[in-house]
>>> print(open('protein-v5.txt').read())   # compact mmCIF, C-alpha atoms
# COMPACT_ATOMS: atom_id res chain seq x y z
CA MET A 3 -1.22 -20.06 -31.75
CA THR A 4 -3.27 -18.40 -28.97
CA ILE A 5 -1.87 -16.56 -25.96
CA HIS A 6 -2.96 -19.51 -23.81
CA ASP A 7 -0.91 -21.87 -25.97
CA GLN A 8 2.15 -19.62 -25.66
CA PHE A 9 1.71 -18.85 -21.96
CA PRO A 10 -0.46 -21.54 -20.31
CA GLU A 11 0.70 -20.41 -16.85
CA VAL A 12 -0.83 -16.93 -17.21
CA HIS A 13 -4.24 -16.20 -15.62
CA LEU A 14 -6.25 -13.03 -15.03
CA VAL A 15 -6.67 -12.49 -11.26
CA TRP A 16 -7.68 -8.84 -10.82
CA LYS A 17 -9.18 -5.85 -12.61
CA GLY A 18 -8.11 -2.53 -11.11
CA ALA A 19 -8.97 1.06 -11.87
CA ILE A 20 -5.95 1.66 -14.08
CA SER A 21 -4.60 -1.81 -14.77
CA PHE A 22 -5.16 -5.53 -15.12
CA VAL A 23 -3.27 -8.04 -12.97
CA TYR A 24 -2.25 -11.47 -14.27
CA GLU A 25 -0.73 -14.38 -12.42
CA VAL A 26 2.42 -15.56 -14.21
CA HIS A 27 3.72 -17.83 -11.43
CA PRO A 28 2.26 -18.95 -8.07
CA ARG A 29 4.43 -16.26 -6.44
CA ILE A 30 4.46 -13.56 -9.14
CA VAL A 31 1.91 -11.36 -10.90
CA VAL A 32 2.31 -8.80 -13.66
CA LYS A 33 0.42 -5.52 -13.62
CA VAL A 34 -0.37 -4.15 -17.09
CA PRO A 35 -1.93 -0.70 -17.71
CA LYS A 36 -5.29 -0.31 -19.39
CA ALA A 37 -5.39 1.23 -22.85
CA GLY A 38 -6.67 4.72 -21.92
CA GLU A 39 -4.34 7.72 -21.88
CA PHE A 40 -5.15 8.58 -18.25
CA GLU A 41 -4.59 4.99 -17.13
CA ARG A 42 -1.23 4.80 -18.87
CA GLU A 43 -0.15 8.12 -17.35
CA GLN A 44 -1.09 6.90 -13.86
CA PHE A 45 0.74 3.65 -14.48
CA GLN A 46 3.89 5.61 -15.35
CA GLU A 47 3.58 7.41 -12.01
CA GLU A 48 3.55 4.08 -10.19
CA LEU A 49 6.45 2.85 -12.29
CA LYS A 50 8.44 5.92 -11.27
CA ILE A 51 7.83 5.16 -7.57
CA TYR A 52 8.96 1.55 -7.96
CA LYS A 53 12.13 2.71 -9.70
CA THR A 54 12.86 4.69 -6.53
CA PHE A 55 12.13 1.67 -4.32
CA LEU A 56 14.47 -0.55 -6.33
CA GLN A 57 17.45 1.67 -5.53
CA LEU A 58 17.06 0.95 -1.80
CA PRO A 59 17.05 -2.07 0.50
CA PRO A 60 13.44 -3.32 0.40
CA CYS A 61 10.81 -2.43 2.96
CA PRO A 62 9.08 -5.70 3.99
CA SER A 63 5.71 -3.92 4.23
CA ILE A 64 5.73 -2.76 0.59
CA VAL A 65 4.63 -5.10 -2.21
CA GLN A 66 7.95 -5.98 -3.86
CA CYS A 67 8.75 -5.44 -7.52
CA PHE A 68 10.98 -8.03 -9.21
CA PHE A 69 11.27 -6.50 -12.67
CA TYR A 70 9.72 -3.69 -14.68
CA ALA A 71 9.24 -2.42 -18.20
CA ASP A 72 7.37 0.55 -19.62
CA ASN A 73 4.23 -1.57 -20.03
CA GLY A 74 4.40 -3.89 -17.05
CA LEU A 75 5.32 -4.34 -13.38
CA PHE A 76 6.19 -7.82 -12.11
CA LEU A 77 5.20 -7.92 -8.43
CA GLU A 78 4.98 -10.43 -5.61
CA TYR A 79 1.66 -12.24 -5.48
CA MET A 80 -0.48 -11.20 -2.50
CA ARG A 81 -3.40 -13.61 -2.53
CA VAL A 82 -5.90 -12.44 0.08
CA PRO A 83 -8.57 -9.89 -0.96
CA SER A 84 -8.51 -6.56 0.86
CA SER A 85 -11.99 -7.25 2.25
CA ARG A 86 -10.47 -9.88 4.55
CA ILE A 87 -8.00 -7.52 6.25
CA GLN A 88 -10.24 -6.56 9.16
CA SER A 89 -10.79 -10.22 10.04
CA ASN A 90 -7.13 -11.19 9.85
CA HIS A 91 -4.88 -9.94 12.61
CA ALA A 92 -2.44 -11.13 15.20
CA ARG A 93 -1.15 -9.81 18.50
CA ASP A 94 2.33 -9.92 19.94
CA GLN A 95 1.73 -12.02 23.05
CA GLN A 96 3.97 -9.84 25.23
CA THR A 97 3.06 -6.33 24.06
CA MET A 98 -0.46 -7.19 22.76
CA VAL A 99 0.23 -4.98 19.74
CA VAL A 100 -1.82 -5.75 16.63
CA THR A 101 1.28 -6.59 14.64
CA LYS A 102 -0.24 -6.87 11.19
CA MET A 103 -1.62 -3.33 11.38
CA ASN A 104 1.84 -2.19 12.43
CA ASP A 105 3.04 -3.47 9.05
CA LEU A 106 0.95 -0.71 7.54
CA ALA A 107 2.45 1.93 9.83
CA GLN A 108 5.90 0.72 8.82
CA ALA A 109 5.09 1.10 5.11
CA VAL A 110 3.82 4.65 5.58
CA THR A 111 6.90 5.50 7.63
CA PHE A 112 9.15 4.12 4.89
CA LEU A 113 7.45 6.33 2.32
CA GLU A 114 7.81 9.41 4.50
CA SER A 115 11.52 8.71 4.90
CA LEU A 116 11.68 9.23 1.11
CA ASN A 117 9.64 12.46 1.40
CA LEU A 118 6.66 10.64 -0.14
CA ALA A 119 3.03 10.17 0.86
CA HIS A 120 0.99 7.26 -0.47
CA GLY A 121 -1.99 9.51 -1.21
CA ASP A 122 -4.57 6.73 -1.50
CA LEU A 123 -4.55 4.70 1.73
CA ARG A 124 -7.70 2.56 1.71
CA PRO A 125 -8.51 -1.15 2.06
CA GLU A 126 -8.34 -1.85 -1.68
CA ASN A 127 -4.67 -0.84 -1.69
CA ILE A 128 -3.64 -3.00 1.28
CA LEU A 129 -3.00 -6.69 0.70
CA LEU A 130 -2.50 -9.66 2.99
CA ASP A 131 -0.48 -12.78 2.42
CA ARG A 132 0.35 -15.29 5.14
CA ASN A 133 1.14 -13.14 8.19
CA ARG A 134 1.89 -9.73 6.65
CA LEU A 135 -0.04 -6.70 5.50
CA LYS A 136 1.63 -4.97 2.56
CA LEU A 137 0.95 -1.65 0.90
CA SER A 138 0.38 -1.57 -2.86
CA ASP A 139 -0.81 0.70 -5.70
CA PHE A 140 1.44 3.73 -5.86
CA ASP A 141 -0.09 5.58 -8.82
CA CYS A 142 -1.26 8.39 -6.48
CA THR A 143 1.99 8.49 -4.49
CA ALA A 144 3.74 11.85 -4.64
CA GLU A 145 6.13 14.10 -2.76
CA ILE A 146 4.94 15.56 0.52
CA GLY A 147 3.53 19.01 -0.11
CA THR A 148 1.85 18.24 -3.46
CA ASP A 149 -1.92 18.39 -3.96
CA PHE A 150 -3.97 15.61 -2.37
CA GLU A 151 -5.92 14.44 -5.41
CA ALA A 152 -7.34 11.05 -4.33
CA CYS A 153 -9.27 12.31 -1.30
CA MET A 154 -12.10 9.86 -0.65
CA ALA A 155 -14.08 9.71 2.58
CA PRO A 156 -13.68 8.17 5.09
CA TYR A 157 -9.95 7.79 4.26
CA GLY A 158 -9.56 11.43 3.33
CA ARG A 159 -11.22 14.63 4.51
CA ILE A 160 -11.65 18.14 3.20
CA LEU A 161 -10.36 21.06 5.23
CA SER A 162 -12.37 23.27 7.57
CA ASN A 163 -12.14 26.99 8.31
CA SER A 164 -9.92 26.26 11.32
CA GLU A 165 -7.09 24.87 9.16
CA PRO A 166 -5.84 27.81 7.04
CA ALA A 167 -2.25 26.63 7.28
CA GLU A 168 -3.12 23.34 5.57
CA GLY A 169 -4.76 24.85 2.50
CA GLN A 170 -7.95 26.38 1.21
CA CYS A 171 -11.20 25.59 3.04
CA ARG A 172 -13.38 22.96 1.34
CA ALA A 173 -10.37 21.59 -0.49
CA SER A 174 -8.32 18.48 0.25
CA GLY A 175 -5.10 20.36 1.01
CA LEU A 176 -1.60 19.01 0.54
CA LEU A 177 -0.23 15.50 0.97
CA GLY A 178 1.69 14.96 4.18
CA PRO A 179 1.50 13.54 7.70
CA ARG A 180 -1.97 15.05 8.17
CA THR A 181 -3.49 13.16 5.24
CA GLU A 182 -1.67 9.89 6.01
CA GLN A 183 -2.52 10.01 9.71
CA PHE A 184 -6.20 10.48 8.97
CA ALA A 185 -6.28 7.54 6.55
CA LEU A 186 -4.45 5.33 9.05
CA GLY A 187 -6.96 6.23 11.75
CA SER A 188 -9.85 5.28 9.46
CA LEU A 189 -8.15 1.99 8.58
CA TYR A 190 -7.64 1.20 12.27
CA TYR A 191 -11.33 1.99 12.82
CA LEU A 192 -12.29 -0.44 10.04
CA ARG A 193 -10.08 -3.13 11.56
CA ASN A 194 -11.50 -2.61 15.05
CA TYR A 195 -15.21 -2.23 14.25
CA GLY A 196 -15.59 -4.21 11.03
CA VAL A 197 -17.24 -1.26 9.24
CA GLU A 198 -16.01 2.03 7.85
CA VAL A 199 -16.38 5.23 9.85
CA TYR A 200 -20.14 5.91 10.25
CA GLY A 201 -20.79 2.79 8.17
CA ASP A 202 -22.93 1.20 10.90
CA ARG A 203 -25.68 3.83 10.95
CA CYS A 204 -27.91 5.92 8.71
CA LEU A 205 -27.15 9.60 9.22
CA THR A 206 -29.88 10.98 6.95
CA GLU A 207 -33.44 10.11 5.96
CA ASP A 208 -32.38 9.91 2.33
CA PRO A 209 -29.71 7.19 1.96
CA LYS A 210 -28.21 9.14 -0.96
CA GLU A 211 -27.32 11.95 1.45
CA HIS A 212 -25.43 9.67 3.83
CA GLY A 213 -22.11 10.06 1.98
CA PRO A 214 -22.17 13.88 1.90
CA LYS A 215 -23.10 13.88 5.60
CA VAL A 216 -20.05 11.73 6.42
CA VAL A 217 -17.88 14.17 4.47
CA GLU A 218 -19.34 17.07 6.50
CA LEU A 219 -18.83 15.35 9.85
CA LEU A 220 -15.23 14.44 9.05
CA GLN A 221 -14.53 17.96 7.84
CA ASN A 222 -15.65 19.23 11.25
CA MET A 223 -13.58 16.49 12.97
CA ASP A 224 -16.75 15.02 14.43
CA PHE A 225 -15.75 11.40 14.91
CA PRO A 226 -17.87 8.47 16.15
CA LYS A 227 -17.59 7.25 19.73
CA LEU A 228 -15.04 4.54 20.41
CA ASN A 229 -15.88 1.61 22.66
CA SER A 230 -14.32 -1.55 21.27
CA ASP A 231 -10.73 -2.77 21.65
CA PRO A 232 -9.08 -0.35 24.13
CA LEU A 233 -5.61 -0.68 22.58
CA ILE A 234 -6.74 0.14 19.04
CA ASP A 235 -9.21 2.78 20.23
CA GLU A 236 -6.38 4.50 22.08
CA ILE A 237 -4.36 4.62 18.86
CA ILE A 238 -7.33 6.17 17.01
CA ASN A 239 -7.81 8.68 19.83
CA ASN A 240 -4.20 9.77 19.57
CA ILE A 241 -4.55 10.29 15.82
CA GLU A 242 -7.53 12.57 16.51
CA MET A 243 -5.47 14.51 19.07
CA LEU A 244 -2.62 15.00 16.62
CA LEU A 245 -4.99 16.19 13.88
CA SER A 246 -6.56 18.71 16.22
CA GLY A 247 -3.19 19.95 17.43
CA SER A 248 -3.70 18.79 21.02
CA PRO A 249 -0.60 17.63 22.88
CA ASN A 250 -0.24 13.92 23.43
CA PRO A 251 0.24 13.28 27.15
CA LYS A 252 1.78 9.87 26.51
CA ASP A 253 4.63 10.86 24.21
CA ILE A 254 7.50 8.40 24.19
CA ASP A 255 11.08 9.64 24.23
CA ALA A 256 12.55 9.04 20.79
CA LYS A 257 15.93 8.19 22.27
CA THR A 258 14.54 5.03 23.86
CA VAL A 259 13.02 3.64 20.66
CA PRO A 260 15.12 1.86 18.01
CA ILE A 261 14.36 3.35 14.58
CA PRO A 262 15.05 1.66 11.22
CA ARG A 263 17.98 3.03 9.23
CA TRP A 264 15.81 4.20 6.37
CA ALA A 265 13.78 6.28 8.82
CA LEU A 266 16.69 8.69 9.35
CA VAL A 267 16.97 10.13 5.84
CA MET A 268 17.95 13.82 5.66
CA GLY A 269 15.81 14.91 8.59
CA ARG A 270 12.67 14.88 6.46
CA ILE A 271 10.42 13.22 8.98
CA THR A 272 7.81 15.50 10.52
CA ARG A 273 8.02 15.53 14.29
CA GLY A 274 4.28 15.16 14.89
CA PHE A 275 4.02 12.15 12.61
CA TRP A 276 6.89 10.38 14.34
CA ARG A 277 5.34 11.12 17.71
CA MET A 278 2.30 9.17 16.56
CA ILE A 279 4.38 6.29 15.18
CA TRP A 280 6.44 6.06 18.36
CA TYR A 281 3.29 5.96 20.45
CA TRP A 282 2.06 2.96 18.50
CA TRP A 283 5.03 0.99 19.74
CA ALA A 284 5.46 -0.16 16.15
CA ILE A 285 8.93 1.10 15.46
CA ALA A 286 10.38 -0.91 18.33
CA LEU A 287 9.38 -4.06 16.49
CA TYR A 288 11.24 -3.22 13.29
CA CYS A 289 14.93 -3.50 12.74
CA ILE A 290 15.46 -4.07 9.08
CA GLY A 291 18.76 -5.63 8.13
CA LYS A 292 20.17 -5.80 4.64
CA PRO A 293 19.54 -9.11 2.86
CA THR A 294 22.42 -11.33 1.93
CA SER A 295 23.82 -10.19 -1.41
CA ALA A 296 24.45 -12.59 -4.27
CA GLU A 297 26.77 -12.52 -7.22
CA VAL A 298 24.91 -11.13 -10.25
CA SER A 299 26.30 -11.26 -13.77
CA ASP A 300 25.91 -8.62 -16.45
CA ASP A 301 23.32 -10.87 -18.09
CA ASP A 302 20.90 -9.91 -15.32
CA GLU A 303 20.70 -6.47 -16.91
CA LEU A 304 18.77 -7.91 -19.86
CA CYS A 305 17.65 -5.21 -22.32
CA GLY A 306 18.86 -2.52 -19.95
CA HIS A 307 16.09 -3.09 -17.42
CA GLY A 308 16.88 -3.36 -13.74
CA ARG A 309 19.69 -0.80 -13.81
CA GLY A 310 19.96 1.14 -10.59
CA VAL A 311 18.68 -1.79 -8.51
CA HIS A 312 20.39 -1.76 -5.12
CA GLN A 313 23.02 -4.51 -5.14
CA ASP A 314 22.00 -5.70 -1.68
CA ASN A 315 18.53 -6.47 -3.03
CA LEU A 316 19.84 -9.18 -5.36
CA THR A 317 19.31 -12.21 -3.13
CA GLU A 318 19.24 -15.67 -4.63
CA ASP A 319 15.44 -15.68 -4.42
CA LEU A 320 15.20 -12.36 -6.25
CA VAL A 321 17.65 -13.37 -8.96
CA TRP A 322 15.57 -16.34 -10.19
CA LYS A 323 12.36 -14.32 -10.02
CA ARG A 324 13.89 -11.53 -12.08
CA ALA A 325 15.20 -14.07 -14.57
CA LEU A 326 11.73 -15.60 -14.95
CA CYS A 327 10.15 -12.15 -15.47
CA GLN A 328 12.81 -11.13 -17.97
CA ASN A 329 12.22 -14.32 -19.92
CA LEU A 330 8.48 -13.64 -20.09
CA GLN A 331 9.14 -10.15 -21.38
CA TYR A 332 11.65 -11.46 -23.91
CA ARG A 333 9.02 -13.91 -25.19
CA GLY A 334 6.60 -11.02 -25.80
CA LEU A 335 4.16 -11.48 -22.89
CA LEU A 336 3.84 -7.79 -22.03
CA GLN A 337 3.27 -6.81 -25.62
CA LEU A 338 0.52 -9.40 -25.93
CA LEU A 339 -1.20 -8.45 -22.66
CA SER A 340 -1.10 -4.77 -23.66
CA SER A 341 -2.73 -5.43 -27.01
CA GLY A 342 -6.32 -5.63 -25.72
CA ASP A 343 -8.71 -6.10 -22.82
CA PRO A 344 -8.53 -9.50 -21.06
CA GLU A 345 -11.85 -10.65 -22.50
CA HIS A 346 -10.71 -9.94 -26.04
CA LEU A 347 -7.57 -11.95 -25.33
CA GLY A 348 -9.62 -14.90 -24.10
CA PHE A 349 -9.10 -14.46 -20.33
CA ARG A 350 -11.72 -14.73 -17.61
CA LEU A 351 -11.31 -13.55 -14.05
CA GLU A 352 -9.86 -16.25 -11.78
CA TRP A 353 -9.30 -14.47 -8.48
CA TYR A 354 -10.47 -17.64 -6.69
CA ARG A 355 -7.49 -19.69 -7.92
CA HIS A 356 -5.87 -19.64 -4.48
CA THR A 357 -7.39 -20.21 -1.06
CA VAL A 358 -6.75 -17.88 1.85
CA CYS A 359 -4.84 -20.46 3.87
CA GLY A 360 -3.13 -22.50 1.24
CA GLY A 361 -2.17 -21.21 -2.12
CA LYS A 362 -0.72 -23.13 -4.96
>>> encode(input="protein-v5.txt", output="structure tokens")
Amino acid sequence: MTIHDQFPEVHLVWKGAISFVYEVHPRIVVKVPKAGEFEREQFQEELKIYKTFLQLPPCPSIVQCFFYADNGLFLEYMRVPSSRIQSNHARDQQTMVVTKMNDLAQAVTFLESLNLAHGDLRPENILLDRNRLKLSDFDCTAEIGTDFEACMAPYGRILSNSEPAEGQCRASGLLGPRTEQFALGSLYYLRNYGVEVYGDRCLTEDPKEHGPKVVELLQNMDFPKLNSDPLIDEIINNIEMLLSGSPNPKDIDAKTVPIPRWALVMGRITRGFWRMIWYWWAIALYCIGKPTSAEVSDDDELCGHGRGVHQDNLTEDLVWKRALCQNLQYRGLLQLLSSGDPEHLGFRLEWYRHTVCGGK
């Protein structure tokens, strides 16, 4: 009996750097690590982050995990490719805020409330489904103050001589508000202009030297001119001001802005980063309440997995999804998917299974 005979509902939908992603239900995917030692180590780092998330009420701007095992993460299915993010946005009709991009700010804020930085903020790690942006891929996520290892222009920049407090010159420095702010600014630029920073021009005669030139310009904080959407450009300008240490003349008094409960953890939030978030008006839009809890029996702790999950997270919707995922694991799906590359198992990539507007 083939894997398709045993699990006809399973389809390969994505090939990532460290893992393969399979659809197991129209609303659920499973992420399985590749066979290499490095890939499995990185997968364990992401698994560790999700274990932390599962002990807390969920952040609606983080891709949710329903169930996990050492060799698989069952996650909510986000169907729209990252390349469509810049063309999908919405504004609050009263404030004119680009609300979907504020979802991203909320996710970064949630991580910082846990003393974490995502460490790899770029379009490939941001997904869209229906009317929400959600942050995914946490294999590079680490505590604030650890080395910034996934620095990739234009979403990361190396340090200049004028930043001795941040780390050694010509290095990436340490993870923290500085690195996350810069990546957010570049993502806002992509959303507003449809191209990456300096992606609309040739900076050198030799195209192969364009990338190194972008790295040099960003290191010197030499940013392109802004002349598109005034609201988004103003946000990008304020990020530049915060990175350069200039005071923001339009600071908003924190006392007048409602802040989510998880944003007040142990005083860990850096003042400069919050000043930026407050200025975006984003926090005023978010007031996360706890979901309705449901009665959960001891059977939901199948094979010991799921222990430590915050009780308030066990809504009726989550309970059936966890049960489905547990059943797939019990039937040996993860073991089968981990036994070889998708092609060797008879899978072909089917990322086109769902349309942007519809879905299954």
>>> atom_distance(input="protein-v5.txt", atom1="CA of Phe349 in chain A", atom2="CA of Trp16 in chain A")
11.1 Å
>>> closest_residue(input="protein-v5.txt", among="A:Leu77, A:Ile128, A:Asp72, A:Gln8", to="Gly334 in chain A", atoms="only C-alpha atoms")
A:Gln8
>>> residues_near_point(input="protein-v5.txt", point="(-2.8, -9.7, -12.0)", cutoff="12 Å", atoms="all atoms listed in the file", output="NGL selection string")
:A and (12-18 or 20-35 or 74-81 or 339 or 344 or 349-353 or 355)
>>> atom_distance(input="protein-v5.txt", atom1="CA of Gln46 in chain A", atom2="CA of Asn73 in chain A")
8.6 Å
>>> closest_residue(input="protein-v5.txt", among="A:Pro214, A:Asn163, A:Leu220, A:Leu228", to="Tyr195 in chain A", atoms="only C-alpha atoms")
A:Leu228
>>> residues_around(input="protein-v5.txt", residues="Pro62 in chain A", least_positions_apart="4", cutoff="8 Å", atoms="only C-alpha atoms", output="PDB file with C-alpha atoms, in the coordinates of the input")
ATOM      1  CA  GLN A  66       7.950  -5.980  -3.860  1.00  0.00           C
ATOM      2  CA  ALA A 109       5.090   1.100   5.110  1.00  0.00           C
ATOM      3  CA  LYS A 136       1.630  -4.970   2.560  1.00  0.00           C
TER       4      LYS A 136
END
>>> atom_distance(input="protein-v5.txt", atom1="CA of Ala119 in chain A", atom2="CA of Gly187 in chain A")
15.3 Å
>>> closest_residue(input="protein-v5.txt", among="A:Ile51, A:Cys204, A:Leu130, A:Met3", to="Ala144 in chain A", atoms="all atoms listed in the file")
A:Ile51
>>> closest_residue(input="protein-v5.txt", among="A:Leu245, A:Leu189, A:Leu56, A:Val110", to="Tyr70 in chain A", atoms="only C-alpha atoms")
A:Leu56
>>> residues_around(input="protein-v5.txt", residues="Asp231 in chain A", least_positions_apart="3", cutoff="7 Å", atoms="only C-alpha atoms", output="VMD selection string")
chain A and resid 194 234 to 235
>>> residues_around(input="protein-v5.txt", residues="Leu177 in chain A", least_positions_apart="5", cutoff="10 Å", atoms="all atoms listed in the file", output="ChimeraX atom specification")
/A:118-121,143-153,168,182
